Every structure is written in C-alpha cells, then in structure tokens.
file model18.cif (mmCIF, C-alpha atoms and all ligand atoms)
data_structure
loop_
_atom_site.group_PDB
_atom_site.id
_atom_site.type_symbol
_atom_site.label_atom_id
_atom_site.label_comp_id
_atom_site.auth_asym_id
_atom_site.auth_seq_id
_atom_site.Cartn_x
_atom_site.Cartn_y
_atom_site.Cartn_z
ATOM 1 C CA MET X 1 -25.806 -10.767 7.562
ATOM 2 C CA ASN X 2 -23.084 -8.347 6.375
ATOM 3 C CA LYS X 3 -24.238 -4.922 5.162
ATOM 4 C CA GLU X 4 -23.554 -4.377 1.442
ATOM 5 C CA ILE X 5 -20.540 -2.145 0.667
ATOM 6 C CA SER X 6 -20.504 -0.384 -2.712
ATOM 7 C CA ILE X 7 -17.023 -0.031 -4.214
ATOM 8 C CA VAL X 8 -15.148 1.772 -6.979
ATOM 9 C CA ILE X 9 -11.745 0.409 -8.062
ATOM 10 C CA ALA X 10 -9.108 2.700 -9.594
ATOM 11 C CA GLY X 11 -6.573 0.919 -11.807
ATOM 12 C CA PRO X 12 -8.754 -2.074 -12.819
ATOM 13 C CA ARG X 13 -6.489 -3.183 -15.681
ATOM 14 C CA GLY X 14 -3.354 -3.291 -13.513
ATOM 15 C CA LYS X 15 -1.738 -6.326 -11.904
ATOM 16 C CA MET X 16 -3.279 -5.518 -8.521
ATOM 17 C CA GLY X 17 -6.437 -3.830 -9.803
ATOM 18 C CA SER X 18 -7.490 -6.836 -11.874
ATOM 19 C CA GLU X 19 -7.073 -9.114 -8.808
ATOM 20 C CA ALA X 20 -9.138 -6.624 -6.797
ATOM 21 C CA VAL X 21 -11.927 -6.653 -9.411
ATOM 22 C CA ARG X 22 -12.011 -10.441 -9.070
ATOM 23 C CA MET X 23 -11.983 -10.347 -5.258
ATOM 24 C CA VAL X 24 -14.747 -7.715 -5.048
ATOM 25 C CA THR X 25 -17.035 -9.479 -7.541
ATOM 26 C CA GLU X 26 -16.549 -12.799 -5.713
ATOM 27 C CA THR X 27 -17.376 -11.331 -2.284
ATOM 28 C CA PRO X 28 -21.132 -11.593 -1.675
ATOM 29 C CA HIS X 29 -21.564 -8.374 0.338
ATOM 30 C CA PHE X 30 -19.282 -6.241 -1.907
ATOM 31 C CA LYS X 31 -20.781 -4.506 -4.931
ATOM 32 C CA LEU X 32 -18.545 -3.062 -7.676
ATOM 33 C CA VAL X 33 -20.383 0.017 -8.987
ATOM 34 C CA ALA X 34 -17.744 1.589 -11.280
ATOM 35 C CA VAL X 35 -14.048 1.673 -12.115
ATOM 36 C CA ILE X 36 -11.641 4.567 -12.659
ATOM 37 C CA ASP X 37 -9.185 3.943 -15.476
ATOM 38 C CA SER X 38 -6.527 6.009 -17.255
ATOM 39 C CA ARG X 39 -8.443 5.362 -20.508
ATOM 40 C CA ASN X 40 -11.752 3.912 -21.804
ATOM 41 C CA GLU X 41 -13.955 6.783 -20.523
ATOM 42 C CA GLY X 42 -17.655 6.109 -21.145
ATOM 43 C CA MET X 43 -17.222 2.401 -21.884
ATOM 44 C CA LYS X 44 -18.666 -0.490 -19.918
ATOM 45 C CA LEU X 45 -16.089 -2.738 -18.214
ATOM 46 C CA LYS X 46 -17.375 -5.734 -20.234
ATOM 47 C CA ASP X 47 -16.340 -3.929 -23.462
ATOM 48 C CA VAL X 48 -12.754 -3.335 -22.308
ATOM 49 C CA ALA X 49 -10.278 -5.969 -23.571
ATOM 50 C CA ASP X 50 -9.420 -8.708 -21.052
ATOM 51 C CA MET X 51 -11.843 -7.387 -18.437
ATOM 52 C CA PRO X 52 -14.665 -9.476 -16.912
ATOM 53 C CA ALA X 53 -18.162 -9.260 -18.397
ATOM 54 C CA LEU X 54 -19.487 -6.658 -15.965
ATOM 55 C CA ASP X 55 -22.051 -4.059 -16.967
ATOM 56 C CA ILE X 56 -20.503 -1.242 -14.946
ATOM 57 C CA PRO X 57 -19.249 2.160 -16.130
ATOM 58 C CA VAL X 58 -15.628 3.174 -16.687
ATOM 59 C CA TYR X 59 -14.659 6.733 -15.712
ATOM 60 C CA GLU X 60 -11.425 8.609 -16.267
ATOM 61 C CA ASP X 61 -12.507 11.461 -14.007
ATOM 62 C CA ALA X 62 -12.560 10.407 -10.339
ATOM 63 C CA PRO X 63 -14.681 13.288 -8.939
ATOM 64 C CA ARG X 64 -17.351 12.711 -11.584
ATOM 65 C CA CYS X 65 -17.300 8.983 -10.844
ATOM 66 C CA PHE X 66 -17.872 9.666 -7.128
ATOM 67 C CA SER X 67 -20.651 12.230 -7.772
ATOM 68 C CA GLU X 68 -22.531 9.943 -10.141
ATOM 69 C CA THR X 69 -22.100 6.550 -8.445
ATOM 70 C CA HIS X 70 -21.906 7.475 -4.693
ATOM 71 C CA PRO X 71 -19.752 4.510 -3.597
ATOM 72 C CA ASP X 72 -18.997 3.752 0.056
ATOM 73 C CA VAL X 73 -15.357 2.894 -0.662
ATOM 74 C CA LEU X 74 -12.626 3.621 -3.222
ATOM 75 C CA ILE X 75 -9.907 0.978 -3.661
ATOM 76 C CA ASP X 76 -6.927 2.661 -5.329
ATOM 77 C CA LEU X 77 -4.215 0.547 -6.978
ATOM 78 C CA THR X 78 -2.746 2.955 -9.505
ATOM 79 C CA LYS X 79 0.566 4.798 -9.206
ATOM 80 C CA PRO X 80 2.120 7.122 -6.623
ATOM 81 C CA ASP X 81 1.183 10.549 -8.062
ATOM 82 C CA VAL X 82 -2.371 9.374 -8.850
ATOM 83 C CA GLY X 83 -3.127 7.575 -5.570
ATOM 84 C CA LYS X 84 -2.572 10.749 -3.524
ATOM 85 C CA VAL X 85 -4.961 12.787 -5.670
ATOM 86 C CA HIS X 86 -7.623 10.066 -5.662
ATOM 87 C CA LEU X 87 -7.413 9.821 -1.879
ATOM 88 C CA GLU X 88 -8.119 13.556 -1.476
ATOM 89 C CA GLN X 89 -10.874 13.541 -4.099
ATOM 90 C CA ALA X 90 -12.538 10.557 -2.425
ATOM 91 C CA LEU X 91 -12.584 12.264 0.987
ATOM 92 C CA GLU X 92 -13.970 15.444 -0.597
ATOM 93 C CA HIS X 93 -16.852 13.358 -1.988
ATOM 94 C CA ASN X 94 -17.556 11.474 1.249
ATOM 95 C CA VAL X 95 -16.043 8.254 -0.102
ATOM 96 C CA ARG X 96 -13.797 6.182 2.181
ATOM 97 C CA PRO X 97 -10.448 5.454 0.505
ATOM 98 C CA VAL X 98 -8.529 2.180 0.814
ATOM 99 C CA ILE X 99 -5.180 2.950 -0.773
ATOM 100 C CA GLY X 100 -2.729 0.218 -1.728
ATOM 101 C CA THR X 101 -0.773 2.506 -3.999
ATOM 102 C CA THR X 102 2.646 3.220 -2.492
ATOM 103 C CA GLY X 103 5.019 6.216 -2.601
ATOM 104 C CA PHE X 104 3.623 8.396 0.208
ATOM 105 C CA SER X 105 6.083 10.741 1.964
ATOM 106 C CA ASP X 106 5.807 11.730 5.650
ATOM 107 C CA ALA X 107 4.487 15.133 4.493
ATOM 108 C CA ASP X 108 1.798 13.482 2.304
ATOM 109 C CA LEU X 109 0.718 11.299 5.208
ATOM 110 C CA GLU X 110 0.459 14.252 7.586
ATOM 111 C CA ARG X 111 -1.623 16.298 5.142
ATOM 112 C CA LEU X 112 -3.951 13.403 4.311
ATOM 113 C CA LYS X 113 -4.299 12.477 7.978
ATOM 114 C CA ASN X 114 -5.488 16.025 8.739
ATOM 115 C CA LEU X 115 -7.922 15.949 5.841
ATOM 116 C CA ALA X 116 -9.523 12.661 6.987
ATOM 117 C CA THR X 117 -9.778 13.960 10.549
ATOM 118 C CA GLU X 118 -11.391 17.215 9.374
ATOM 119 C CA ARG X 119 -13.953 15.251 7.355
ATOM 120 C CA GLU X 120 -14.374 12.639 10.136
ATOM 121 C CA LEU X 121 -14.128 9.972 7.487
ATOM 122 C CA GLY X 122 -12.289 6.652 7.537
ATOM 123 C CA ALA X 123 -9.326 6.143 5.213
ATOM 124 C CA ILE X 124 -6.739 3.362 5.073
ATOM 125 C CA ILE X 125 -3.317 3.482 3.444
ATOM 126 C CA ALA X 126 -1.702 0.041 3.514
ATOM 127 C CA PRO X 127 1.813 -0.221 2.060
ATOM 128 C CA ASN X 128 1.410 -3.995 2.112
ATOM 129 C CA PHE X 129 -1.861 -5.939 2.268
ATOM 130 C CA ALA X 130 -0.223 -9.365 2.721
ATOM 131 C CA VAL X 131 -0.832 -10.535 6.274
ATOM 132 C CA GLY X 132 2.561 -12.280 6.342
ATOM 133 C CA ALA X 133 4.300 -9.023 5.396
ATOM 134 C CA VAL X 134 2.509 -7.185 8.195
ATOM 135 C CA LEU X 135 3.714 -9.860 10.640
ATOM 136 C CA MET X 136 7.258 -9.589 9.234
ATOM 137 C CA MET X 137 7.195 -5.830 9.942
ATOM 138 C CA LYS X 138 5.851 -6.313 13.480
ATOM 139 C CA PHE X 139 8.379 -9.076 14.267
ATOM 140 C CA ALA X 140 11.168 -6.819 12.999
ATOM 141 C CA GLN X 141 9.927 -4.001 15.225
ATOM 142 C CA MET X 142 9.903 -6.344 18.248
ATOM 143 C CA ALA X 143 13.373 -7.725 17.523
ATOM 144 C CA SER X 144 14.895 -4.281 16.958
ATOM 145 C CA ARG X 145 14.767 -3.584 20.699
ATOM 146 C CA TYR X 146 17.328 -6.342 21.193
ATOM 147 C CA LEU X 147 19.260 -6.222 17.907
ATOM 148 C CA PRO X 148 19.271 -2.549 16.892
ATOM 149 C CA ASP X 149 21.705 -2.827 13.946
ATOM 150 C CA ILE X 150 19.424 -3.373 10.989
ATOM 151 C CA GLU X 151 19.555 -3.494 7.205
ATOM 152 C CA ILE X 152 16.470 -3.978 5.023
ATOM 153 C CA ILE X 153 16.684 -5.629 1.622
ATOM 154 C CA GLU X 154 13.522 -5.305 -0.445
ATOM 155 C CA LYS X 155 13.149 -7.021 -3.819
ATOM 156 C CA HIS X 156 10.437 -6.280 -6.365
ATOM 157 C CA HIS X 157 9.576 -6.812 -10.034
ATOM 158 C CA ASP X 158 11.223 -4.367 -12.434
ATOM 159 C CA GLN X 159 7.976 -2.542 -13.332
ATOM 160 C CA LYS X 160 7.799 -0.934 -9.886
ATOM 161 C CA LEU X 161 7.910 2.879 -9.993
ATOM 162 C CA ASP X 162 8.802 3.802 -6.387
ATOM 163 C CA ALA X 163 11.934 3.029 -4.381
ATOM 164 C CA PRO X 164 12.321 2.182 -1.647
ATOM 165 C CA SER X 165 9.127 0.150 -1.417
ATOM 166 C CA GLY X 166 6.298 1.320 0.824
ATOM 167 C CA THR X 167 6.843 -1.814 2.900
ATOM 168 C CA ALA X 168 10.527 -1.044 3.514
ATOM 169 C CA LEU X 169 9.696 2.516 4.520
ATOM 170 C CA LYS X 170 6.918 1.358 6.832
ATOM 171 C CA THR X 171 9.247 -1.235 8.389
ATOM 172 C CA ALA X 172 11.873 1.417 9.107
ATOM 173 C CA GLN X 173 9.206 3.775 10.506
ATOM 174 C CA LEU X 174 7.891 1.038 12.853
ATOM 175 C CA ILE X 175 11.431 0.331 14.041
ATOM 176 C CA ARG X 176 12.046 4.074 14.526
ATOM 177 C CA GLU X 177 9.120 4.103 17.003
ATOM 178 C CA VAL X 178 10.928 1.750 19.408
ATOM 179 C CA ARG X 179 14.640 2.118 18.622
ATOM 180 C CA GLU X 180 16.941 5.050 19.305
ATOM 181 C CA SER X 181 18.388 6.636 16.176
ATOM 182 C CA LYS X 182 21.844 5.160 15.635
ATOM 183 C CA GLN X 183 24.756 5.369 13.248
ATOM 184 C CA GLN X 184 25.338 1.904 11.780
ATOM 185 C CA GLY X 185 28.500 0.489 10.289
ATOM 186 C CA HIS X 186 31.974 1.957 10.799
ATOM 187 C CA PRO X 187 31.942 5.660 11.802
ATOM 188 C CA ASP X 188 34.549 6.343 9.083
ATOM 189 C CA GLU X 189 32.952 4.261 6.321
ATOM 190 C CA LYS X 190 32.774 5.923 2.924
ATOM 191 C CA GLU X 191 31.073 4.966 -0.313
ATOM 192 C CA ASP X 192 33.540 4.531 -3.173
ATOM 193 C CA LEU X 193 30.561 4.007 -5.464
ATOM 194 C CA LYS X 194 27.547 6.242 -4.712
ATOM 195 C CA GLY X 195 24.611 4.269 -3.284
ATOM 196 C CA ALA X 196 26.710 1.281 -2.221
ATOM 197 C CA ARG X 197 25.365 1.491 1.339
ATOM 198 C CA GLY X 198 21.772 1.982 0.189
ATOM 199 C CA ALA X 199 19.254 4.578 1.353
ATOM 200 C CA GLU X 200 19.046 5.549 5.014
ATOM 201 C CA LEU X 201 16.190 6.267 7.423
ATOM 202 C CA ASP X 202 17.224 7.081 10.979
ATOM 203 C CA GLY X 203 20.400 5.024 10.567
ATOM 204 C CA ILE X 204 18.598 1.996 9.090
ATOM 205 C CA ARG X 205 19.959 1.058 5.660
ATOM 206 C CA ILE X 206 17.487 0.126 2.902
ATOM 207 C CA HIS X 207 18.573 -1.660 -0.288
ATOM 208 C CA SER X 208 16.180 -1.947 -3.253
ATOM 209 C CA ILE X 209 16.489 -4.703 -5.840
ATOM 210 C CA ARG X 210 14.428 -4.659 -9.067
ATOM 211 C CA LEU X 211 14.403 -7.737 -11.316
ATOM 212 C CA PRO X 212 12.008 -9.451 -13.717
ATOM 213 C CA GLY X 213 10.629 -12.621 -12.139
ATOM 214 C CA LEU X 214 10.235 -11.113 -8.686
ATOM 215 C CA VAL X 215 6.863 -10.152 -7.156
ATOM 216 C CA ALA X 216 7.339 -8.629 -3.673
ATOM 217 C CA HIS X 217 9.928 -9.796 -1.141
ATOM 218 C CA GLN X 218 11.683 -8.359 1.888
ATOM 219 C CA GLU X 219 14.373 -9.423 4.343
ATOM 220 C CA VAL X 220 15.117 -7.561 7.536
ATOM 221 C CA ILE X 221 18.605 -8.550 8.697
ATOM 222 C CA MET X 222 19.729 -7.717 12.222
ATOM 223 C CA GLY X 223 23.208 -8.198 13.534
ATOM 224 C CA GLY X 224 24.559 -8.595 17.069
ATOM 225 C CA GLU X 225 27.744 -9.911 18.652
ATOM 226 C CA GLY X 226 28.370 -13.325 17.010
ATOM 227 C CA GLN X 227 24.871 -13.645 15.547
ATOM 228 C CA THR X 228 22.423 -12.449 12.909
ATOM 229 C CA LEU X 229 18.652 -12.718 12.716
ATOM 230 C CA THR X 230 16.837 -12.619 9.358
ATOM 231 C CA ILE X 231 13.091 -12.060 9.133
ATOM 232 C CA LYS X 232 11.884 -12.685 5.604
ATOM 233 C CA HIS X 233 8.617 -12.507 3.700
ATOM 234 C CA ASP X 234 7.784 -13.407 0.094
ATOM 235 C CA SER X 235 4.648 -12.707 -1.905
ATOM 236 C CA MET X 236 4.613 -15.174 -4.811
ATOM 237 C CA ASN X 237 1.520 -13.703 -6.453
ATOM 238 C CA ARG X 238 -0.954 -10.809 -6.167
ATOM 239 C CA ALA X 239 -3.682 -13.053 -4.725
ATOM 240 C CA SER X 240 -1.615 -12.920 -1.509
ATOM 241 C CA PHE X 241 -2.727 -9.298 -1.040
ATOM 242 C CA MET X 242 -6.473 -9.808 -1.471
ATOM 243 C CA PRO X 243 -7.511 -11.008 2.023
ATOM 244 C CA GLY X 244 -5.874 -7.823 3.345
ATOM 245 C CA VAL X 245 -7.700 -5.617 0.818
ATOM 246 C CA LYS X 246 -10.985 -7.242 1.852
ATOM 247 C CA LEU X 247 -10.217 -6.711 5.527
ATOM 248 C CA ALA X 248 -9.358 -3.048 4.882
ATOM 249 C CA VAL X 249 -12.609 -2.411 2.973
ATOM 250 C CA GLU X 250 -14.588 -3.781 5.908
ATOM 251 C CA ALA X 251 -12.515 -1.907 8.507
ATOM 252 C CA VAL X 252 -12.629 1.463 6.742
ATOM 253 C CA MET X 253 -16.411 1.551 7.215
ATOM 254 C CA ASN X 254 -15.900 1.611 10.993
ATOM 255 C CA VAL X 255 -13.236 4.304 11.446
ATOM 256 C CA ASP X 256 -13.377 8.097 11.269
ATOM 257 C CA HIS X 257 -9.703 8.930 10.658
ATOM 258 C CA LEU X 258 -6.747 7.876 8.520
ATOM 259 C CA VAL X 259 -5.149 4.539 9.400
ATOM 260 C CA TYR X 260 -1.638 3.990 7.997
ATOM 261 C CA GLY X 261 -0.732 0.294 7.947
ATOM 262 C CA LEU X 262 -2.778 -2.878 8.192
ATOM 263 C CA GLU X 263 -1.149 -3.740 11.542
ATOM 264 C CA ASN X 264 -3.500 -1.173 13.076
ATOM 265 C CA ILE X 265 -6.615 -3.092 12.053
ATOM 266 C CA ILE X 266 -5.470 -6.701 12.433
ATOM 267 C CA GLU X 267 -6.427 -8.014 15.864
HETATM 268 N N1 LIG M 301 -0.292 -2.315 -0.765
HETATM 269 C C1 LIG M 301 0.032 -3.470 -1.331
HETATM 270 O O1 LIG M 301 -0.065 -4.544 -0.742
HETATM 271 C C2 LIG M 301 0.488 -3.452 -2.762
HETATM 272 C C3 LIG M 301 0.727 -4.626 -3.458
HETATM 273 C C4 LIG M 301 1.118 -4.565 -4.771
HETATM 274 C C5 LIG M 301 1.253 -3.328 -5.377
HETATM 275 N N2 LIG M 301 1.033 -2.207 -4.667
HETATM 276 C C6 LIG M 301 1.063 -0.879 -5.261
HETATM 277 O O2 LIG M 301 -0.116 -0.746 -6.034
HETATM 278 C C7 LIG M 301 0.139 0.088 -7.157
HETATM 279 C C8 LIG M 301 -0.247 -0.653 -8.430
HETATM 280 O O3 LIG M 301 0.594 -1.760 -8.607
HETATM 281 P P1 LIG M 301 0.468 -2.729 -9.876
HETATM 282 O O4 LIG M 301 1.573 -3.693 -9.774
HETATM 283 O O5 LIG M 301 -0.924 -3.223 -9.986
HETATM 284 O O6 LIG M 301 0.761 -1.692 -11.067
HETATM 285 P P2 LIG M 301 0.281 -1.750 -12.576
HETATM 286 O O7 LIG M 301 1.192 -0.848 -13.334
HETATM 287 O O8 LIG M 301 0.132 -3.158 -13.031
HETATM 288 O O9 LIG M 301 -1.180 -1.103 -12.534
HETATM 289 C C9 LIG M 301 -1.437 0.239 -12.328
HETATM 290 C C10 LIG M 301 -2.715 0.594 -13.089
HETATM 291 O O10 LIG M 301 -3.077 1.928 -12.757
HETATM 292 C C11 LIG M 301 -3.613 2.505 -13.915
HETATM 293 N N3 LIG M 301 -3.592 3.959 -13.825
HETATM 294 C C12 LIG M 301 -2.543 4.803 -14.023
HETATM 295 N N4 LIG M 301 -2.957 6.072 -13.909
HETATM 296 C C13 LIG M 301 -4.280 6.023 -13.632
HETATM 297 C C14 LIG M 301 -5.277 7.019 -13.433
HETATM 298 N N5 LIG M 301 -4.983 8.314 -13.501
HETATM 299 N N6 LIG M 301 -6.535 6.615 -13.178
HETATM 300 C C15 LIG M 301 -6.838 5.320 -13.124
HETATM 301 N N7 LIG M 301 -5.944 4.315 -13.322
HETATM 302 C C16 LIG M 301 -4.692 4.687 -13.577
HETATM 303 C C17 LIG M 301 -2.752 1.974 -15.061
HETATM 304 O O11 LIG M 301 -3.452 2.076 -16.294
HETATM 305 C C18 LIG M 301 -2.541 0.528 -14.625
HETATM 306 O O12 LIG M 301 -3.543 -0.309 -15.168
HETATM 307 C C19 LIG M 301 1.622 0.459 -7.059
HETATM 308 O O13 LIG M 301 1.742 1.706 -6.397
HETATM 309 C C20 LIG M 301 2.207 -0.607 -6.180
HETATM 310 O O14 LIG M 301 3.344 -0.179 -5.475
HETATM 311 C C21 LIG M 301 0.653 -2.242 -3.376
HETATM 312 O O1 LIG M 302 4.366 -4.564 -6.599
HETATM 313 C C1 LIG M 302 4.535 -3.565 -5.870
HETATM 314 O O2 LIG M 302 4.783 -2.436 -6.319
HETATM 315 C C2 LIG M 302 4.405 -3.727 -4.419
HETATM 316 N N1 LIG M 302 4.531 -2.680 -3.670
HETATM 317 C C3 LIG M 302 4.367 -2.658 -2.274
HETATM 318 C C4 LIG M 302 5.434 -1.805 -1.634
HETATM 319 O O3 LIG M 302 5.889 -0.805 -2.228
HETATM 320 O O4 LIG M 302 5.806 -2.094 -0.509
HETATM 321 C C5 LIG M 302 4.280 -3.989 -1.595
HETATM 322 C C6 LIG M 302 3.844 -5.117 -2.395
HETATM 323 C C7 LIG M 302 4.103 -5.048 -3.867
#

call {"tool": "encode", "arguments": {"input": "model18.cif", "output": "structure tokens"}}
result
Amino acid sequence: MNKEISIVIAGPRGKMGSEAVRMVTETPHFKLVAVIDSRNEGMKLKDVADMPALDIPVYEDAPRCFSETHPDVLIDLTKPDVGKVHLEQALEHNVRPVIGTTGFSDADLERLKNLATERELGAIIAPNFAVGAVLMMKFAQMASRYLPDIEIIEKHHDQKLDAPSGTALKTAQLIREVRESKQQGHPDEKEDLKGARGAELDGIRIHSIRLPGLVAHQEVIMGGEGQTLTIKHDSMNRASFMPGVKLAVEAVMNVDHLVYGLENIIE
C-alpha cells in the first residue's frame, strides 16, 4: 500500500491549480491539507466560489500555512515571482516543493539548487508536466546532434505571463548540453524590425506566440541540407499535465536535492 502524502496547493483557483485540486482529491494516497491563495484568508475551501466542497483551510501566508499544517509536499501553480518565494519558504519549513510555475532564470535555479542541497530536501521544478512534452524535448535533444540548426516555436494562450515559455527554455538548455554553440542563419543577417528573429539561447532561436484559443504547444524545427525535421507537441487541456504532477509528488519524497525537469524522474 502507498504511504499517504499530505499536500498543500498554491494557486487553487487557477487553471492549473483547480485541476491539481481535483487530481489530489481523487488520488487515494494523497491528502489535501490546505491551500495557499492570493485572497480568501481564513476561509474554508468549500466556502470559496466555484471550489469543491472541501473542509480545508485557505491561507494567504505560505510560512504560516506550512507551520500550522506540516504538509509533506507543496504543489505551486501560481506565477513566476510567487513560485520562487514559495519554493524557498517551503524548503525553510521542511516541505518538499513541486513547482510547475515557470519563469526561473539560470541564477534562480542555481540559488534554489544550493538551498535544497543544504537542507538535504527533495524539490522538483518541472517546466512541463505533460509526458509527451518531456519526450518532445528529449527527442529534440537527440536529433540536435545530427541536425544542429534549430528554431523553437512555442505557442500559448494569451494569459501567459512569461516568455519564452519554461518548456522552450528547457528545450534549448537540453540541446545546449549536447550541441556546440553555433551562429545560425546568415552571418550578415540583420533585423529590420526588432525581434523578427526571436530570442536567442546559445544560437538557438526561440519564437513565442500568444493567442486566445491556444493551451500549450511547441514545435522544434531542425534544418539540414535538403531536409527539415519537425518535432511537435500539443497540450489540448490542463488534464494533460496531471499524471506528471502526480509522478512528481511521488518522486519528490524520494530525493534529497533539486531536480529540474521531469525527464530526470521518468524511467
Ligand atoms: N509545468 C507545467 O506543466 C505547467 C503547465 C501549465 C502552466 N504552468 C505554469 O503554472 C503557472 C500557473 O498557470 P495557470 O495557467 O494555472 O495560471 P492562472 O493565472 O490560471 O492561475 C494562477 C493562480 O495563482 C494565484 N496566485 C497568484 N498569486 C498568488 C499568491 N501570492 N499566492 C497564492 N496564489 C496566488 C492566482 O490567484 C491564480 O488563481 C504559470 O506559471 C504557468 O506558466 C506550468
Ligand atoms: O500555460 C502555461 O503557462 C504553460 N506553461 C508552461 C511553460 O511555460 O512551458 C508549459 C505548459 C503551459
């Protein structure tokens, strides 16, 4: 039998957070003990509009939530500036963070990695919980050895705060691990309109599209002599992320350092 894991969710009214509340309450060995919200301090979740009838407390203050409810795991699905703070506060209170919130810089990751190591506590930051997206990133990394000219096009809904997406950044970082840095396109190319060639990480171009109607989509296009290869993933809904969130909650109980990316825990 699986050991019970007690969980706090930050961002329970959000598009992802509300799916996570559903997933956690439907998983027999997960127990939702509290939520952290940007409002509704002191209420019960069942009294918050459009929330499920759960008799659990709502906190606005994360440290107080951790001190009073002692969860095993925090699932954070809030926004970039908040996710970083919650991650640190969780570690300081001996709570293992599973962070789906995106917008982490290399410097943030380094600092948070050191903090988790110092505390010998598991933490997972997953820019994309969809298993298909993780495979898309790994396939792109593999293919980049053979087709090193690469452009990433990521497309998201127009409520997204960060650009480029965490997934696009992670894809470029995975490719950077196996591909030499290279200048792509014509050496003399110039942008007549600023941004026309997109953002750039180690020579890889990243283009961000934001439109209503989209959820989360990415194409990695690679070009070689007389050929192109396109590796593409689409999330049609937020339920697509939940098996990955569940996997991360289970995995974070068995590590003692920060893991960045679900590819490191999928066998
Ligand atoms: N890793 C993944 O697979 C994945 C998938 C989808 C979205 N995301 C990321 O998850 C985050 C949330 O996405 P979303 O689409 O659900 O956004 P959303 O705007 O629908 O929800 C965010 C929620 O966070 C809440 N919030 C804001 N500040 C808060 C605070 N201080 N304390 C508690 N809650 C707070 C808001 O009230 C809102 O309900 C984003 O960073 C997004 O990029 C990651
Ligand atoms: O909806 C979002 O926001 C998403 N963000 C992630 C990212 O930045 O890569 C991935 C999935 C959806």

call {"tool": "residues_around", "arguments": {"input": "model18.cif", "residues": "Asn128 (chain X)", "least_positions_apart": "5", "cutoff": "7 Å", "atoms": "only C-alpha atoms", "output": "ChimeraX atom specification"}}
result
/X:133-134,167

call {"tool": "residues_around", "arguments": {"input": "model18.cif", "residues": "Lys44 (chain X)", "least_positions_apart": "3", "cutoff": "8 Å", "atoms": "all atoms listed in the file", "output": "ChimeraX atom specification"}}
result
/X:47-48,54-58

call {"tool": "resolve_selection", "arguments": {"input": "model18.cif", "expression": "the PyMOL selection byres (((chain X and resi 150) around 6) and not hetatm)", "output": "list in words"}}
result
Pro148, Asp149, Glu151, Ile204, Ile221 and Met222 of chain X

call {"tool": "resolve_selection", "arguments": {"input": "model18.cif", "expression": "the PyMOL selection byres (((chain X and resi 178) around 12) and not hetatm)", "output": "list in words"}}
result
Lys138, Ala140, Gln141, Met142, Ala143, Ser144, Arg145, Tyr146, Leu147, Pro148, Thr171, Ala172, Gln173, Leu174, Ile175, Arg176, Glu177, Arg179, Glu180, Ser181 and Asp202 of chain X

call {"tool": "write_last_selection", "arguments": {"input": "model18.cif", "atoms": "C-alpha atoms", "output": "PDB file, keeping the file's coordinate frame"}}
result
ATOM      1  CA  LYS X 138       5.851  -6.313  13.480  1.00  0.00           C
ATOM      2  CA  ALA X 140      11.168  -6.819  12.999  1.00  0.00           C
ATOM      3  CA  GLN X 141       9.927  -4.001  15.225  1.00  0.00           C
ATOM      4  CA  MET X 142       9.903  -6.344  18.248  1.00  0.00           C
ATOM      5  CA  ALA X 143      13.373  -7.725  17.523  1.00  0.00           C
ATOM      6  CA  SER X 144      14.895  -4.281  16.958  1.00  0.00           C
ATOM      7  CA  ARG X 145      14.767  -3.584  20.699  1.00  0.00           C
ATOM      8  CA  TYR X 146      17.328  -6.342  21.193  1.00  0.00           C
ATOM      9  CA  LEU X 147      19.260  -6.222  17.907  1.00  0.00           C
ATOM     10  CA  PRO X 148      19.271  -2.549  16.892  1.00  0.00           C
ATOM     11  CA  THR X 171       9.247  -1.235   8.389  1.00  0.00           C
ATOM     12  CA  ALA X 172      11.873   1.417   9.107  1.00  0.00           C
ATOM     13  CA  GLN X 173       9.206   3.775  10.506  1.00  0.00           C
ATOM     14  CA  LEU X 174       7.891   1.038  12.853  1.00  0.00           C
ATOM     15  CA  ILE X 175      11.431   0.331  14.041  1.00  0.00           C
ATOM     16  CA  ARG X 176      12.046   4.074  14.526  1.00  0.00           C
ATOM     17  CA  GLU X 177       9.120   4.103  17.003  1.00  0.00           C
ATOM     18  CA  ARG X 179      14.640   2.118  18.622  1.00  0.00           C
ATOM     19  CA  GLU X 180      16.941   5.050  19.305  1.00  0.00           C
ATOM     20  CA  SER X 181      18.388   6.636  16.176  1.00  0.00           C
ATOM     21  CA  ASP X 202      17.224   7.081  10.979  1.00  0.00           C
TER      22      ASP X 202
END

call {"tool": "residues_near_ligand", "arguments": {"input": "model18.cif", "ligand": "ligand LIG 302 (chain M)", "cutoff": "10 Å", "atoms": "only C-alpha atoms and all ligand atoms", "output": "MDAnalysis selection string"}}
result
chainID X and resid 15:16 77:80 100:104 126:130 133 154:171 214:218 234:235 237:238 240:241

call {"tool": "closest_residue", "arguments": {"input": "model18.cif", "among": "X:His86, X:His233, X:Lys246, X:Arg119", "to": "Met137 (chain X)", "atoms": "all atoms listed in the file"}}
result
X:His233

call {"tool": "closest_residue", "arguments": {"input": "model18.cif", "among": "X:Asp37, X:Glu26, X:Asp108, X:Asp72", "to": "Lys3 (chain X)", "atoms": "all atoms listed in the file"}}
result
X:Asp72

call {"tool": "resolve_selection", "arguments": {"input": "model18.cif", "expression": "the PyMOL selection byres (((chain X and resi 6) around 8) and not hetatm)", "output": "ChimeraX atom specification"}}
result
/X:4-5,7-8,30-33,71-73

call {"tool": "closest_residue", "arguments": {"input": "model18.cif", "among": "X:Asn2, X:Thr117, X:Gln89, X:Gln227", "to": "Pro28 (chain X)", "atoms": "all atoms listed in the file"}}
result
X:Asn2

call {"tool": "closest_residue", "arguments": {"input": "model18.cif", "among": "X:Pro187, X:Gly122, X:Gly203, X:Gly11", "to": "ligand LIG 301 (chain M)", "atoms": "only C-alpha atoms and all ligand atoms"}}
result
X:Gly11

call {"tool": "closest_residue", "arguments": {"input": "model18.cif", "among": "X:Val24, X:Pro52, X:Asp76, X:His207", "to": "ligand LIG 301 (chain M)", "atoms": "all atoms listed in the file"}}
result
X:Asp76

call {"tool": "closest_residue", "arguments": {"input": "model18.cif", "among": "X:Gly132, X:Ala199, X:Ala53, X:Ile75", "to": "Pro12 (chain X)", "atoms": "all atoms listed in the file"}}
result
X:Ile75

call {"tool": "atom_distance", "arguments": {"input": "model18.cif", "atom1": "CA of Glu88 (chain X)", "atom2": "CA of His29 (chain X)"}}
result
25.8 Å

call {"tool": "axis_aligned_box", "arguments": {"input": "model18.cif", "around": "ligand LIG 301 (chain M)", "padding_each_side": "6 Å", "output": "lines of an AutoDock Vina configuration file"}}
result
center_x = -1.7
center_y = 1.8
center_z = -8.5
size_x = 22.2
size_y = 24.9
size_z = 27.6

call {"tool": "atom_distance", "arguments": {"input": "model18.cif", "atom1": "CA of Ile266 (chain X)", "atom2": "CA of Glu19 (chain X)"}}
result
21.4 Å

call {"tool": "atom_distance", "arguments": {"input": "model18.cif", "atom1": "CA of Lys232 (chain X)", "atom2": "atom C3 of ligand LIG 301 (chain M)"}}
result
16.5 Å
